[in-house]
>>> print(open('model.tsv').read())   # TSV, C-alpha atoms and all ligand atoms
chain	number	residue	atom	x	y	z
O	1	MET	CA	-15.77	35.25	0.52
O	2	ARG	CA	-12.04	34.53	0.89
O	3	SER	CA	-9.64	36.92	-0.81
O	4	LYS	CA	-9.13	34.32	-3.56
O	5	VAL	CA	-10.54	30.96	-4.54
O	6	VAL	CA	-7.81	28.41	-5.35
O	7	THR	CA	-8.70	24.98	-6.66
O	8	ILE	CA	-6.38	22.04	-6.07
O	9	ASP	CA	-5.65	21.95	-9.80
O	10	ARG	CA	-4.52	25.59	-9.73
O	11	HIS	CA	-2.45	24.92	-6.58
O	12	ILE	CA	-0.73	21.93	-8.16
O	13	ILE	CA	0.11	23.99	-11.28
O	14	ASP	CA	1.52	26.77	-9.08
O	15	GLN	CA	3.62	24.23	-7.17
O	16	GLU	CA	4.80	22.72	-10.47
O	17	ARG	CA	5.95	26.12	-11.73
O	18	ARG	CA	8.42	26.21	-8.83
O	19	HIS	CA	10.19	23.24	-10.37
O	20	PRO	CA	11.24	24.39	-13.87
O	21	GLY	CA	12.26	20.89	-14.85
O	22	ALA	CA	8.90	19.45	-13.88
O	23	SER	CA	7.40	17.32	-16.61
O	24	GLY	CA	3.80	17.79	-15.53
O	25	ARG	CA	3.48	14.02	-15.13
O	26	PHE	CA	3.66	14.37	-11.39
O	27	SER	CA	1.00	17.06	-11.36
O	28	ALA	CA	-1.27	14.93	-13.50
O	29	LEU	CA	-0.81	12.12	-10.97
O	30	LEU	CA	-2.07	14.38	-8.17
O	31	TYR	CA	-5.05	15.49	-10.28
O	32	ASP	CA	-6.02	11.85	-10.77
O	33	ILE	CA	-5.82	11.19	-7.02
O	34	ALA	CA	-8.12	14.16	-6.43
O	35	LEU	CA	-10.57	12.78	-9.01
O	36	ALA	CA	-10.59	9.37	-7.33
O	37	ALA	CA	-11.18	11.09	-3.99
O	38	LYS	CA	-14.27	12.88	-5.35
O	39	ILE	CA	-15.75	9.61	-6.59
O	40	ILE	CA	-15.08	7.81	-3.31
O	41	SER	CA	-16.44	10.76	-1.33
O	42	ARG	CA	-19.74	10.62	-3.22
O	43	GLU	CA	-20.10	6.91	-2.45
O	44	VAL	CA	-19.08	7.25	1.22
O	45	ASN	CA	-21.54	10.09	1.73
O	46	MET	CA	-24.32	8.02	0.20
O	47	ALA	CA	-23.34	4.89	2.16
O	48	GLY	CA	-26.38	4.97	4.37
O	49	LEU	CA	-28.73	5.33	1.43
O	50	ILE	CA	-27.56	2.80	-1.11
O	51	ASP	CA	-26.51	-0.78	-0.67
O	52	VAL	CA	-22.76	-0.32	-0.07
O	53	LEU	CA	-22.74	-0.92	3.65
O	54	GLY	CA	-21.56	-4.16	5.10
O	55	ALA	CA	-18.91	-6.68	4.16
O	56	THR	CA	-18.35	-8.44	0.86
O	57	GLY	CA	-17.68	-11.71	2.63
O	58	ASP	CA	-14.04	-11.61	1.49
O	59	THR	CA	-10.95	-11.11	3.66
O	60	ASN	CA	-7.91	-9.10	2.54
O	61	VAL	CA	-4.20	-9.89	2.79
O	62	GLN	CA	-4.30	-8.52	6.34
O	63	GLY	CA	-6.91	-11.11	7.24
O	64	GLU	CA	-9.46	-8.31	7.72
O	65	ARG	CA	-13.07	-8.54	6.52
O	66	VAL	CA	-13.35	-6.48	3.31
O	67	GLN	CA	-16.15	-3.93	3.49
O	68	LYS	CA	-17.99	-3.15	0.27
O	69	LEU	CA	-16.71	0.43	0.32
O	70	ASP	CA	-13.12	-0.85	0.70
O	71	ALA	CA	-13.52	-2.83	-2.48
O	72	PHE	CA	-15.17	0.11	-4.22
O	73	ALA	CA	-12.42	2.55	-3.17
O	74	GLN	CA	-9.72	0.10	-4.26
O	75	GLU	CA	-11.35	-0.29	-7.67
O	76	VAL	CA	-11.81	3.45	-8.17
O	77	ILE	CA	-8.19	4.26	-7.38
O	78	VAL	CA	-6.72	1.49	-9.52
O	79	LYS	CA	-8.94	2.40	-12.50
O	80	ALA	CA	-8.25	6.12	-12.12
O	81	MET	CA	-4.49	5.63	-11.91
O	82	ASP	CA	-3.50	2.67	-14.10
O	83	HIS	CA	-3.87	4.04	-17.63
O	84	ALA	CA	-2.39	7.57	-17.68
O	85	GLY	CA	1.25	6.55	-18.05
O	86	HIS	CA	2.44	7.98	-14.71
O	87	LEU	CA	3.00	4.75	-12.78
O	88	CYS	CA	5.21	1.69	-13.06
O	89	CYS	CA	3.18	-0.17	-10.39
O	90	MET	CA	0.94	0.29	-7.35
O	91	VAL	CA	0.76	-1.13	-3.81
O	92	SER	CA	-2.48	-1.30	-1.86
O	93	GLU	CA	-3.40	-2.47	1.63
O	94	GLU	CA	-6.08	-4.57	-0.04
O	95	SER	CA	-3.71	-6.46	-2.35
O	96	GLY	CA	-1.07	-8.96	-1.22
O	97	ASP	CA	1.26	-8.38	-4.17
O	98	ILE	CA	2.33	-5.41	-6.27
O	99	ILE	CA	-0.46	-4.21	-8.60
O	100	PRO	CA	1.07	-4.15	-12.11
O	101	ILE	CA	0.18	-1.66	-14.83
O	102	PRO	CA	-1.76	-3.52	-17.57
O	103	LYS	CA	0.44	-4.23	-20.61
O	104	ARG	CA	-1.83	-2.14	-22.86
O	105	PHE	CA	-0.88	1.01	-20.93
O	106	GLU	CA	2.36	3.04	-20.97
O	107	LEU	CA	4.67	2.57	-17.97
O	108	GLY	CA	5.60	5.66	-15.96
O	109	ASN	CA	8.25	6.66	-13.46
O	110	TYR	CA	6.26	6.83	-10.24
O	111	VAL	CA	4.96	4.34	-7.69
O	112	LEU	CA	1.65	4.86	-5.88
O	113	LEU	CA	1.18	3.18	-2.51
O	114	PHE	CA	-2.18	3.57	-0.80
O	115	ASP	CA	-4.69	2.47	1.75
O	116	PRO	CA	-7.94	2.90	-0.16
O	117	LEU	CA	-10.18	3.24	2.86
O	118	ASP	CA	-8.52	3.24	6.26
O	119	GLY	CA	-10.69	2.81	9.32
O	120	SER	CA	-13.26	0.98	7.24
O	121	SER	CA	-14.52	-0.92	10.28
O	122	ASN	CA	-16.07	2.44	11.25
O	123	ILE	CA	-18.06	2.75	8.03
O	124	ASN	CA	-21.27	1.33	9.44
O	125	VAL	CA	-21.37	3.74	12.37
O	126	ASN	CA	-20.71	6.90	10.36
O	127	VAL	CA	-17.31	7.64	11.86
O	128	SER	CA	-14.93	9.56	9.58
O	129	ILE	CA	-12.68	7.34	7.46
O	130	GLY	CA	-9.90	8.10	5.04
O	131	THR	CA	-7.74	7.31	2.03
O	132	ILE	CA	-3.96	7.50	2.50
O	133	PHE	CA	-1.50	7.81	-0.40
O	134	SER	CA	2.24	7.88	-0.90
O	135	ILE	CA	4.19	8.59	-4.10
O	136	HIS	CA	7.78	7.51	-4.80
O	137	HIS	CA	9.92	7.88	-7.85
O	138	ARG	CA	10.78	4.45	-9.29
O	139	ALA	CA	14.19	3.09	-8.27
O	140	SER	CA	14.59	0.77	-11.28
O	141	PRO	CA	15.37	1.75	-14.90
O	142	ARG	CA	12.56	3.31	-16.91
O	143	GLY	CA	10.45	1.31	-19.25
O	144	VAL	CA	10.25	-1.92	-17.26
O	145	PRO	CA	7.41	-2.93	-14.93
O	146	GLY	CA	7.77	-1.79	-11.33
O	147	ALA	CA	9.12	-4.30	-8.82
O	148	LEU	CA	9.71	-4.62	-5.07
O	149	ALA	CA	12.81	-2.39	-5.15
O	150	ASP	CA	10.66	0.47	-6.48
O	151	CYS	CA	8.25	0.06	-3.55
O	152	LEU	CA	10.49	-0.73	-0.56
O	153	GLN	CA	11.87	2.80	-0.11
O	154	ALA	CA	12.35	4.86	3.06
O	155	GLY	CA	9.69	7.47	3.82
O	156	TYR	CA	12.05	10.44	3.47
O	157	ARG	CA	12.33	9.57	-0.25
O	158	GLN	CA	8.61	10.13	-0.91
O	159	LEU	CA	7.91	12.76	-3.58
O	160	ALA	CA	4.45	13.40	-2.16
O	161	ALA	CA	2.13	12.02	0.49
O	162	GLY	CA	-1.28	12.81	1.86
O	163	TYR	CA	-4.71	11.69	2.83
O	164	VAL	CA	-8.37	12.28	2.16
O	165	ILE	CA	-10.69	12.41	5.16
O	166	TYR	CA	-14.36	11.65	4.54
O	167	GLY	CA	-15.99	13.37	7.47
O	168	SER	CA	-18.35	16.27	8.11
O	169	SER	CA	-16.66	17.57	4.99
O	170	THR	CA	-14.29	15.83	2.60
O	171	MET	CA	-10.77	17.22	2.80
O	172	LEU	CA	-7.65	16.35	0.83
O	173	VAL	CA	-4.38	17.15	2.62
O	174	TYR	CA	-1.06	16.69	0.86
O	175	THR	CA	2.60	17.62	0.96
O	176	THR	CA	5.45	17.40	-1.53
O	177	GLY	CA	7.92	17.41	1.36
O	178	VAL	CA	9.12	19.74	4.09
O	179	GLU	CA	10.04	22.55	1.66
O	180	GLY	CA	6.63	22.43	-0.03
O	181	GLY	CA	4.62	22.58	3.19
O	182	VAL	CA	1.26	20.95	3.91
O	183	HIS	CA	-1.94	22.19	2.28
O	184	GLY	CA	-5.57	21.25	2.89
O	185	PHE	CA	-8.41	21.42	0.37
O	186	THR	CA	-12.09	21.09	1.20
O	187	LEU	CA	-14.45	19.58	-1.37
O	188	ASP	CA	-17.31	21.84	-2.41
O	189	PRO	CA	-19.73	19.18	-3.67
O	190	SER	CA	-21.93	21.82	-5.32
O	191	ILE	CA	-19.18	22.49	-7.87
O	192	GLY	CA	-17.17	19.27	-7.50
O	193	GLU	CA	-13.97	21.16	-6.71
O	194	PHE	CA	-11.41	20.83	-3.91
O	195	LEU	CA	-10.83	24.42	-2.75
O	196	LEU	CA	-7.77	25.54	-0.76
O	197	SER	CA	-9.08	25.94	2.79
O	198	HIS	CA	-6.00	25.22	4.93
O	199	PRO	CA	-2.87	26.69	3.29
O	200	ARG	CA	0.52	25.90	4.85
O	201	ILE	CA	-0.72	23.80	7.79
O	202	ARG	CA	1.65	23.90	10.79
O	203	ILE	CA	1.19	21.87	13.95
O	204	PRO	CA	0.45	24.45	16.69
O	205	ASP	CA	3.23	25.18	19.17
O	206	PRO	CA	2.53	25.00	22.06
O	207	PRO	CA	0.36	22.02	21.15
O	208	ALA	CA	-3.01	21.12	22.60
O	209	ARG	CA	-2.47	18.83	25.59
O	210	ILE	CA	-4.03	15.79	23.90
O	211	TYR	CA	-2.81	12.21	23.87
O	212	SER	CA	-4.43	9.64	21.60
O	213	VAL	CA	-4.05	5.89	22.15
O	214	ASN	CA	-6.27	2.85	22.70
O	215	GLU	CA	-5.92	2.62	26.49
O	216	ALA	CA	-7.77	-0.71	26.57
O	217	TYR	CA	-4.40	-2.30	25.71
O	218	TYR	CA	-2.60	-0.83	28.77
O	219	ALA	CA	-1.94	-4.26	30.29
O	220	ARG	CA	-0.25	-5.39	27.04
O	221	TRP	CA	2.19	-2.47	26.89
O	222	SER	CA	5.84	-2.25	28.00
O	223	ARG	CA	6.53	-0.54	31.35
O	224	GLY	CA	7.90	2.47	29.50
O	225	GLN	CA	4.70	2.83	27.48
O	226	GLN	CA	2.57	2.43	30.61
O	227	ARG	CA	4.59	5.12	32.41
O	228	LEU	CA	4.32	7.45	29.45
O	229	VAL	CA	0.52	7.26	29.56
O	230	ASP	CA	0.63	7.51	33.39
O	231	HIS	CA	2.49	10.80	32.84
O	232	PHE	CA	-0.27	12.07	30.57
O	233	ARG	CA	-2.84	10.89	33.13
O	234	GLY	CA	-0.85	12.42	36.03
O	235	VAL	CA	-0.88	9.19	38.05
O	236	ASN	CA	1.52	6.68	39.66
O	237	GLY	CA	4.05	9.36	40.53
O	238	GLU	CA	4.79	10.18	36.89
O	239	GLY	CA	4.00	13.88	37.26
O	240	GLY	CA	2.42	15.45	34.18
O	241	GLY	CA	-1.36	15.34	34.07
O	242	GLY	CA	-3.62	18.01	32.64
O	243	TYR	CA	-3.99	16.20	29.31
O	244	LYS	CA	-7.16	15.22	27.47
O	245	SER	CA	-7.55	11.77	25.92
O	246	ARG	CA	-9.01	11.67	22.40
O	247	TYR	CA	-9.07	8.41	20.43
O	248	ILE	CA	-11.37	7.91	17.43
O	249	GLY	CA	-9.98	4.59	16.28
O	250	SER	CA	-9.80	5.80	12.68
O	251	MET	CA	-6.18	6.72	12.01
O	252	VAL	CA	-6.78	9.43	9.42
O	253	SER	CA	-9.21	11.17	11.81
O	254	ASP	CA	-6.84	10.94	14.79
O	255	VAL	CA	-3.90	12.16	12.69
O	256	HIS	CA	-5.94	14.98	11.11
O	257	ARG	CA	-6.90	16.27	14.59
O	258	THR	CA	-3.27	15.97	15.72
O	259	LEU	CA	-2.10	17.92	12.65
O	260	LEU	CA	-4.55	20.78	13.27
O	261	GLN	CA	-4.44	20.93	17.08
O	262	GLY	CA	-1.16	19.27	18.08
O	263	GLY	CA	-0.74	16.48	20.61
O	264	LEU	CA	0.48	12.89	20.32
O	265	PHE	CA	-1.12	10.01	18.41
O	266	MET	CA	0.24	6.60	19.41
O	267	TYR	CA	-0.18	3.04	18.26
O	268	PRO	CA	2.44	1.24	20.41
O	269	ARG	CA	3.73	-2.27	20.02
O	270	ASP	CA	2.22	-4.65	22.55
O	271	THR	CA	2.25	-8.34	23.50
O	272	LYS	CA	-0.45	-9.05	20.89
O	273	SER	CA	1.13	-6.91	18.13
O	274	PRO	CA	4.89	-6.96	18.89
O	275	GLY	CA	5.60	-5.17	15.59
O	276	GLY	CA	2.75	-2.73	16.03
O	277	LYS	CA	-0.47	-2.76	13.99
O	278	LEU	CA	-0.14	0.13	11.54
O	279	ARG	CA	1.52	-0.42	8.17
O	280	MET	CA	4.68	1.37	7.21
O	281	LEU	CA	4.42	1.92	3.47
O	282	TYR	CA	0.89	3.25	3.09
O	283	GLU	CA	0.02	4.50	6.59
O	284	ALA	CA	2.98	5.48	8.83
O	285	ALA	CA	5.35	6.77	6.13
O	286	PRO	CA	2.89	9.03	4.24
O	287	LEU	CA	1.27	10.39	7.40
O	288	GLY	CA	4.72	10.73	8.92
O	289	LEU	CA	5.88	12.88	5.98
O	290	VAL	CA	2.78	15.08	6.27
O	291	CYS	CA	3.43	15.47	10.00
O	292	ALA	CA	7.14	16.27	9.52
O	293	ALA	CA	6.32	18.79	6.78
O	294	ALA	CA	3.95	20.51	9.24
O	295	GLY	CA	6.71	20.83	11.84
O	296	GLY	CA	6.06	17.62	13.79
O	297	ARG	CA	7.69	14.20	14.04
O	298	ALA	CA	6.86	10.53	13.51
O	299	SER	CA	8.80	7.79	15.29
O	300	ASP	CA	8.55	4.04	15.83
O	301	GLY	CA	9.46	4.72	19.44
O	302	SER	CA	13.20	4.86	18.89
O	303	ARG	CA	13.85	5.85	15.26
O	304	ASP	CA	12.38	8.40	12.89
O	305	VAL	CA	9.81	6.50	10.83
O	306	LEU	CA	10.92	8.25	7.66
O	307	ASP	CA	14.42	6.76	7.95
O	308	ILE	CA	13.22	3.15	8.05
O	309	VAL	CA	13.59	1.05	4.88
O	310	PRO	CA	10.78	-1.54	4.95
O	311	GLU	CA	11.56	-5.18	4.11
O	312	GLY	CA	8.08	-6.12	2.99
O	313	LEU	CA	5.11	-4.42	1.32
O	314	HIS	CA	2.91	-4.89	4.37
O	315	ASP	CA	5.45	-4.36	7.15
O	316	ARG	CA	3.90	-3.00	10.32
O	317	THR	CA	5.42	-0.50	12.77
O	318	PRO	CA	4.72	1.02	16.16
O	319	LEU	CA	3.91	4.71	15.65
O	320	TYR	CA	4.27	7.92	17.69
O	321	LEU	CA	3.17	10.89	15.59
O	322	GLY	CA	2.50	14.55	16.33
O	323	SER	CA	4.11	17.45	18.16
O	324	ALA	CA	7.88	16.99	18.08
O	325	GLY	CA	8.33	17.62	21.83
O	326	LEU	CA	5.77	14.94	22.70
O	327	VAL	CA	7.31	12.42	20.29
O	328	ASP	CA	10.69	13.14	21.90
O	329	LEU	CA	9.11	12.61	25.35
O	330	ALA	CA	7.68	9.25	24.22
O	331	GLU	CA	11.11	8.12	23.00
O	332	ARG	CA	12.66	9.08	26.34
O	333	TYR	CA	10.05	7.08	28.27
O	334	LEU	CA	10.46	4.06	26.01
O	335	ARG	CA	14.25	4.14	26.52
O	336	ARG	CA	13.81	4.50	30.30
O	337	LYS	CA	15.36	1.71	32.33
O	338	ARG	CA	12.96	-0.48	34.29
O	339	ALA	CA	14.51	1.04	37.44
O	340	GLY	CA	12.77	4.26	36.56
O	341	GLY	CA	15.85	6.37	35.86
O	342	PHE	CA	16.22	8.25	32.60
O	343	GLU	CA	19.24	7.38	30.55
O	344	SER	CA	21.54	10.41	30.47
N	1	LIG	P1	-7.64	-0.44	17.38
N	1	LIG	C1	-8.46	0.99	11.64
N	1	LIG	O1	-8.78	-0.39	11.60
N	1	LIG	C2	-6.98	1.09	11.96
N	1	LIG	O2	-6.21	0.44	11.02
N	1	LIG	C3	-6.60	2.56	12.07
N	1	LIG	O3	-7.36	3.38	11.25
N	1	LIG	C4	-6.81	2.87	13.53
N	1	LIG	O4	-5.95	3.88	14.02
N	1	LIG	C5	-6.51	1.52	14.21
N	1	LIG	O5	-6.73	0.52	13.23
N	1	LIG	C6	-7.41	1.28	15.40
N	1	LIG	O6	-7.00	0.05	15.98
N	1	LIG	O7	-6.81	-1.65	17.75
N	1	LIG	O8	-7.46	0.71	18.37
N	1	LIG	O9	-9.09	-0.73	17.10
>>> encode(input="model.tsv", output="structure tokens")
Amino acid sequence: MRSKVVTIDRHIIDQERRHPGASGRFSALLYDIALAAKIISREVNMAGLIDVLGATGDTNVQGERVQKLDAFAQEVIVKAMDHAGHLCCMVSEESGDIIPIPKRFELGNYVLLFDPLDGSSNINVNVSIGTIFSIHHRASPRGVPGALADCLQAGYRQLAAGYVIYGSSTMLVYTTGVEGGVHGFTLDPSIGEFLLSHPRIRIPDPPARIYSVNEAYYARWSRGQQRLVDHFRGVNGEGGGGYKSRYIGSMVSDVHRTLLQGGLFMYPRDTKSPGGKLRMLYEAAPLGLVCAAAGGRASDGSRDVLDIVPEGLHDRTPLYLGSAGLVDLAERYLRRKRAGGFES
């Protein structure tokens, strides 16, 4: 038995006590996210046994086939979050526009942006999937419905960010920013509680020599990106080598491994996705904040992801996330002139 058993509720209260002016609204918001995560976890873990597998036949704003569990997760989060008076609006990967708070409910001062079930194409083959969430303080005056300006904020302004990974166990990992650190909670389904299992997560230094990218797209990459991966492979005169390749194809799983072991997760731009595939507001920015708070970095290949102010709710971005030294290396390769020399 660990020296002490700390539930996520107790942890959130302890964190709140460090901010004397805290209203408790923010803490209540995190409780509600944890509740939604428990409900989704139960459904995901039963997926093989009850009729929630497969697609609904709909497509979402991304043009992706909506899986039944996507729709379920979306519904659970919206219904868990829309009535408690914490939020002025929500943004979801599954919804083209801002999700307003119903008029019958009190408006709050926070914005929740989320991907209800990332990696959902892996649902049918029992690969770990995840929920990603990001919380901003509203930018507009209190008391009016949230609008675009409340949502289109740079990642460094997030009040909290995190993810839930539905895998061999269900874990909730969150941060309230670099000062607050990153903390992981594992769901004990026998008591329905998230228990603190990974306090103050730090990306290991030196990191594991792992690079994570879909190498099937090699031919579509820039020369700099190709040379970067050649370096990891130790081929074509790029030195390096001695790395392992690990790519799950479910972002939350790849990022979770990178957070706990170190390494570099990449989703580069390519000729098919010139702006990258991953979304800024509810994928790159929240996971980038978690990574930065654990001592790592997240870049779009030239700029820190957390400094970028998105122009649209569903903006995409290239992403290099993980051990700071490896993100720096990636940026150097991507700046490299075609001639092969490094810029000074
Ligand atoms: P690819 C899942 O669909 C997702 O959005 C992320 O979870 C994952 O990292 C990425 O796409 C995988 O994309 O092109 O390698 O299949």
>>> atom_distance(input="model.tsv", atom1="CA of Asp32 in chain O", atom2="CA of Gly312 in chain O")
26.7 Å
>>> closest_residue(input="model.tsv", among="O:Arg303, O:Arg233, O:Arg104, O:Lys272", to="ligand LIG 1 (chain N)", atoms="only C-alpha atoms and all ligand atoms")
O:Lys272
>>> atom_distance(input="model.tsv", atom1="CA of Tyr174 in chain O", atom2="CA of His256 in chain O")
11.5 Å
>>> atom_distance(input="model.tsv", atom1="CA of Gln153 in chain O", atom2="CA of Val309 in chain O")
5.6 Å
>>> closest_residue(input="model.tsv", among="O:Gly263, O:Gly224, O:Gly130, O:Pro141", to="Tyr243 in chain O", atoms="only C-alpha atoms")
O:Gly263
>>> residues_around(input="model.tsv", residues="Gly262 in chain O", least_positions_apart="3", cutoff="7 Å", atoms="only C-alpha atoms", output="PDB file with C-alpha atoms, in the frame of the given file")
ATOM      1  CA  ILE O 203       1.190  21.870  13.950  1.00  0.00           C
ATOM      2  CA  PRO O 204       0.450  24.450  16.690  1.00  0.00           C
ATOM      3  CA  PRO O 207       0.360  22.020  21.150  1.00  0.00           C
ATOM      4  CA  ALA O 208      -3.010  21.120  22.600  1.00  0.00           C
ATOM      5  CA  THR O 258      -3.270  15.970  15.720  1.00  0.00           C
ATOM      6  CA  LEU O 259      -2.100  17.920  12.650  1.00  0.00           C
ATOM      7  CA  GLY O 322       2.500  14.550  16.330  1.00  0.00           C
ATOM      8  CA  SER O 323       4.110  17.450  18.160  1.00  0.00           C
TER       9      SER O 323
END
>>> closest_atom_pairs(input="model.tsv", of="chain O", to="ligand LIG 1 (chain N)", cutoff="10 Å", atoms="only C-alpha atoms and all ligand atoms", output="CSV")
residue,atom,partner,partner_atom,distance
O:Glu64,CA,N:LIG1,O1,8.8
O:Asp115,CA,N:LIG1,O2,9.6
O:Leu117,CA,N:LIG1,O3,8.9
O:Asp118,CA,N:LIG1,O3,5.1
O:Gly119,CA,N:LIG1,C1,3.7
O:Ser120,CA,N:LIG1,O1,6.4
O:Ser121,CA,N:LIG1,O1,5.9
O:Asn122,CA,N:LIG1,C1,7.8
O:Ser128,CA,N:LIG1,O3,9.9
O:Ile129,CA,N:LIG1,O3,7.6
O:Gly130,CA,N:LIG1,O3,8.2
O:Ser212,CA,N:LIG1,O4,9.6
O:Val213,CA,N:LIG1,O8,7.3
O:Asn214,CA,N:LIG1,O8,5.0
O:Glu215,CA,N:LIG1,O8,8.5
O:Ala216,CA,N:LIG1,O8,8.3
O:Tyr217,CA,N:LIG1,O7,8.3
O:Tyr247,CA,N:LIG1,O8,8.1
O:Ile248,CA,N:LIG1,O4,7.6
O:Gly249,CA,N:LIG1,C6,4.3
O:Ser250,CA,N:LIG1,O3,3.7
O:Met251,CA,N:LIG1,O4,3.5
O:Val252,CA,N:LIG1,O3,6.3
O:Ser253,CA,N:LIG1,O3,8.0
O:Asp254,CA,N:LIG1,O4,7.2
O:Val255,CA,N:LIG1,O4,8.6
O:Phe265,CA,N:LIG1,O4,9.0
O:Met266,CA,N:LIG1,O4,8.6
O:Tyr267,CA,N:LIG1,O4,7.2
O:Ser273,CA,N:LIG1,O7,9.5
O:Gly276,CA,N:LIG1,O7,9.8
O:Lys277,CA,N:LIG1,O5,7.1
O:Leu278,CA,N:LIG1,O2,6.1
O:Arg279,CA,N:LIG1,O2,8.3
O:Glu283,CA,N:LIG1,O2,8.7
>>> write_last_selection(input="model.tsv", atoms="C-alpha atoms", output="short mmCIF file (atom, residue, chain, number, x, y, z; two decimals), in the coordinates of the input")
data_model
loop_
_atom_site.label_atom_id
_atom_site.label_comp_id
_atom_site.auth_asym_id
_atom_site.auth_seq_id
_atom_site.Cartn_x
_atom_site.Cartn_y
_atom_site.Cartn_z
CA GLU O 64 -9.46 -8.31 7.72
CA ASP O 115 -4.69 2.47 1.75
CA LEU O 117 -10.18 3.24 2.86
CA ASP O 118 -8.52 3.24 6.26
CA GLY O 119 -10.69 2.81 9.32
CA SER O 120 -13.26 0.98 7.24
CA SER O 121 -14.52 -0.92 10.28
CA ASN O 122 -16.07 2.44 11.25
CA SER O 128 -14.93 9.56 9.58
CA ILE O 129 -12.68 7.34 7.46
CA GLY O 130 -9.90 8.10 5.04
CA SER O 212 -4.43 9.64 21.60
CA VAL O 213 -4.05 5.89 22.15
CA ASN O 214 -6.27 2.85 22.70
CA GLU O 215 -5.92 2.62 26.49
CA ALA O 216 -7.77 -0.71 26.57
CA TYR O 217 -4.40 -2.30 25.71
CA TYR O 247 -9.07 8.41 20.43
CA ILE O 248 -11.37 7.91 17.43
CA GLY O 249 -9.98 4.59 16.28
CA SER O 250 -9.80 5.80 12.68
CA MET O 251 -6.18 6.72 12.01
CA VAL O 252 -6.78 9.43 9.42
CA SER O 253 -9.21 11.17 11.81
CA ASP O 254 -6.84 10.94 14.79
CA VAL O 255 -3.90 12.16 12.69
CA PHE O 265 -1.12 10.01 18.41
CA MET O 266 0.24 6.60 19.41
CA TYR O 267 -0.18 3.04 18.26
CA SER O 273 1.13 -6.91 18.13
CA GLY O 276 2.75 -2.73 16.03
CA LYS O 277 -0.47 -2.76 13.99
CA LEU O 278 -0.14 0.13 11.54
CA ARG O 279 1.52 -0.42 8.17
CA GLU O 283 0.02 4.50 6.59
#
>>> residues_near_point(input="model.tsv", point="(-7.5, -8.5, 1.8)", cutoff="10 Å", atoms="only C-alpha atoms", output="short mmCIF file (atom, residue, chain, number, x, y, z; two decimals) with C-alpha atoms, in the coordinates of the input")
data_model
loop_
_atom_site.label_atom_id
_atom_site.label_comp_id
_atom_site.auth_asym_id
_atom_site.auth_seq_id
_atom_site.Cartn_x
_atom_site.Cartn_y
_atom_site.Cartn_z
CA ASP O 58 -14.04 -11.61 1.49
CA THR O 59 -10.95 -11.11 3.66
CA ASN O 60 -7.91 -9.10 2.54
CA VAL O 61 -4.20 -9.89 2.79
CA GLN O 62 -4.30 -8.52 6.34
CA GLY O 63 -6.91 -11.11 7.24
CA GLU O 64 -9.46 -8.31 7.72
CA ARG O 65 -13.07 -8.54 6.52
CA VAL O 66 -13.35 -6.48 3.31
CA GLN O 67 -16.15 -3.93 3.49
CA ASP O 70 -13.12 -0.85 0.70
CA ALA O 71 -13.52 -2.83 -2.48
CA SER O 92 -2.48 -1.30 -1.86
CA GLU O 93 -3.40 -2.47 1.63
CA GLU O 94 -6.08 -4.57 -0.04
CA SER O 95 -3.71 -6.46 -2.35
CA GLY O 96 -1.07 -8.96 -1.22
#
>>> closest_residue(input="model.tsv", among="O:Met90, O:Phe114, O:Leu187, O:Gly180", to="Arg18 in chain O", atoms="all atoms listed in the file")
O:Gly180
>>> closest_residue(input="model.tsv", among="O:Gly275, O:Gly146, O:Pro199, O:Gly184", to="His314 in chain O", atoms="all atoms listed in the file")
O:Gly275
>>> closest_residue(input="model.tsv", among="O:Val235, O:Leu306, O:Leu196, O:Ile33", to="Asp82 in chain O", atoms="only C-alpha atoms")
O:Ile33
>>> residues_near_point(input="model.tsv", point="(2.6, 3.0, -9.6)", cutoff="6 Å", atoms="only C-alpha atoms", output="list in words")
Leu87, Cys88, Cys89, Met90, Tyr110, Val111 and Leu112 of chain O
>>> closest_residue(input="model.tsv", among="O:Glu193, O:Glu311, O:Asp304, O:Asp270", to="Ala219 in chain O", atoms="only C-alpha atoms")
O:Asp270
>>> residues_around(input="model.tsv", residues="His137 in chain O", least_positions_apart="3", cutoff="9 Å", atoms="all atoms listed in the file", output="list in words")
Asn109, Tyr110, Val111, Asp150, Arg157, Gln158 and Leu159 of chain O
>>> residues_around(input="model.tsv", residues="Pro116 in chain O", least_positions_apart="6", cutoff="6 Å", atoms="only C-alpha atoms", output="compact mmCIF listing (two decimals) with C-alpha atoms, keeping the file's coordinate frame")
# COMPACT_ATOMS: atom_id res chain seq x y z
CA ALA O 73 -12.42 2.55 -3.17
CA GLN O 74 -9.72 0.10 -4.26
CA THR O 131 -7.74 7.31 2.03
>>> residues_around(input="model.tsv", residues="Ser302 in chain O", least_positions_apart="5", cutoff="9 Å", atoms="only C-alpha atoms", output="compact mmCIF listing (two decimals) with C-alpha atoms, in the coordinates of the input")
# COMPACT_ATOMS: atom_id res chain seq x y z
CA ALA O 330 7.68 9.25 24.22
CA GLU O 331 11.11 8.12 23.00
CA ARG O 332 12.66 9.08 26.34
CA LEU O 334 10.46 4.06 26.01
CA ARG O 335 14.25 4.14 26.52
>>> axis_aligned_box(input="model.tsv", around="range 185-194 of chain O", padding_each_side="4 Å", output="JSON")
{"center_x": -15.2, "center_y": 20.8, "center_z": -3.3, "size_x": 21.5, "size_y": 11.3, "size_z": 17.1}
>>> residues_around(input="model.tsv", residues="Ile201 in chain O", least_positions_apart="4", cutoff="8 Å", atoms="only C-alpha atoms", output="NGL selection string")
:O and (181-184 or 259-260 or 294)
